[in-house]
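Below you'll find the structure, written out as structure tokens, and then a few comments.
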Amino acid sequence: MNNVRTVSDTKQAFYSLHTRPINTIYRRVVEELMVEMHLLSVNSGFTYNGIYALGVVTTFDRFMQGYVPQRDQQSIFQALCQAMEQDPQRYRQDAERLQALAKDTPIHDLIAWLSQTSHLNRDPDLQAELQAIANNPGFKYNRLFAIGLFTLLENSAPELVKDEKQRAEALKTIAAGLHLSYEKLSKDLELYSSNLEKMAQALIVMADMVSADRKKREQRQQQTSTPVAPPSTNE
């Protein structure tokens, strides 16, 4: 009988690989992503694919933007993937490949390809993955896959994803072609967008607090360094 790894096992593996403290505001982001990846990795219906990898990389990079010290970002990402017993380099390479592909593909061609209404002889690996998803009624849909799809559209046509009507039409077409639930896809992407906004607001608040604290320290230093005049004596 095989022992299935627990969330606790994965967290323990992660913190043994990345041993430096993680800033409080980001620790929740890392651990939520870790749990999400863990639950997928131990699910028998889950299969790794490039779009999922792009979703993982995009989520990590956007939510970890501004992390200090910046050099720790790579260590945290590597530990995150390795804790899943997966190769971080594979995630990065697949994500970069698909981003470059999307930037070089007209949006209408990309939507047709993702929805499998037409095939482009551009990337055999992606074509095989899309075909497998469309033909698999048991495909394990997940939020990170949805973010990967959205990132492909965003890289091909940034203006389209900003237009609510065009974005919805594109996602409906893709969902229909891959036999996914548009409702789930749309809901997951709305939550993703909302969480990005909340994170941005939290970072602004944190920056304001740090700035205010720094000013208070500087004021205290000025007060302690200012010489005090000796008391005058009246004879």
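Here, A, B, ... name the chains of the structure tokens in the order displayed, residue numbers run from 1 inside each chain, and ligands are numbered from 1 in the same displayed order.
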Give me, as CSV, the closest atom pair and its distance (Å, one decimal) for every residue of region 110-148 of chain A within a cut-off of 10 Å of region 192-196 of chain A, counting only C-alpha atoms, rows sorted by chain and rising number.
```
residue,atom,partner,partner_atom,distance
A:Arg143,CA,A:Tyr192,CA,8.7
A:Leu144,CA,A:Tyr192,CA,9.5
A:Ala146,CA,A:Tyr192,CA,9.6
A:Ile147,CA,A:Tyr192,CA,7.7
```
Give me, as a tab-separated table (two decimals) with C-alpha atoms, in the first residue's frame, all polymer residues having an atom no more than 12 Å from Leu160 (chain A), counting only C-alpha atoms and skipping those fewer than 2 positions away in the same chain.
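Saved as result-v3.tsv:
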```
chain	number	residue	atom	x	y	z
A	106	PRO	CA	-2.71	36.47	-33.26
A	107	ILE	CA	-5.49	36.34	-30.68
A	108	HIS	CA	-8.14	34.86	-33.01
A	111	ILE	CA	-8.55	31.23	-29.28
A	150	PHE	CA	-6.00	33.63	-18.97
A	151	THR	CA	-2.26	34.38	-19.08
A	152	LEU	CA	-2.07	33.05	-22.64
A	153	LEU	CA	-4.87	35.41	-23.72
A	154	GLU	CA	-3.26	38.27	-21.82
A	155	ASN	CA	0.08	37.74	-23.56
A	156	SER	CA	-1.51	37.57	-27.00
A	157	ALA	CA	-3.94	40.50	-26.62
A	158	PRO	CA	-3.71	42.56	-23.41
A	162	LYS	CA	-9.47	44.24	-20.30
A	163	ASP	CA	-12.72	44.29	-22.28
A	164	GLU	CA	-15.30	42.36	-20.25
A	165	LYS	CA	-17.45	41.36	-23.24
A	166	GLN	CA	-14.57	40.20	-25.45
A	167	ARG	CA	-12.94	38.38	-22.54
A	168	ALA	CA	-16.16	36.53	-21.73
A	169	GLU	CA	-16.69	35.53	-25.37
A	170	ALA	CA	-13.13	34.20	-25.64
A	171	LEU	CA	-13.41	32.20	-22.41
```
Next item on the list: Would you list, as a PyMOL selection string, the residues of region 15-103 of chain A that end up in helix (DSSP H, G or I) under DSSP run on this structure's backbone?
Entry: chain A and resi 15-17+24-41+50-63+72-83+88-103
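As for CA of Leu178 (chain A) and CA of Ile133 (chain A), they are spaced 6.3 Å apart.
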Next item on the list: Just the residues within 12 Å of Thr24 (chain A), please, counting only C-alpha atoms, with nothing from its chain fewer than 3 positions along; format it as number ranges by chain.
Entry: A: 21, 27-31, 64, 67-68, 202-203, 206
Quick one: residues within 10 Å of Val4 (chain A), only C-alpha atoms counted, chain neighbours fewer than 5 positions away excluded, as a PDB file with C-alpha atoms, in the first residue's frame?
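Dumped everything to selection.pdb:
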```pdb
ATOM      1  CA  ASP A   9       4.706  16.388   4.759  1.00  0.00           C
ATOM      2  CA  VAL A  42      -1.885  13.686  -4.875  1.00  0.00           C
ATOM      3  CA  ASN A  43      -5.139  13.550  -6.889  1.00  0.00           C
TER       4      ASN A  43
END
```
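For the choices A:Gln86, A:Gln99, A:Gln219, A:Asn136, the atom-to-atom distance to Thr58 (chain A) is smallest for A:Gln99 when using only C-alpha atoms.
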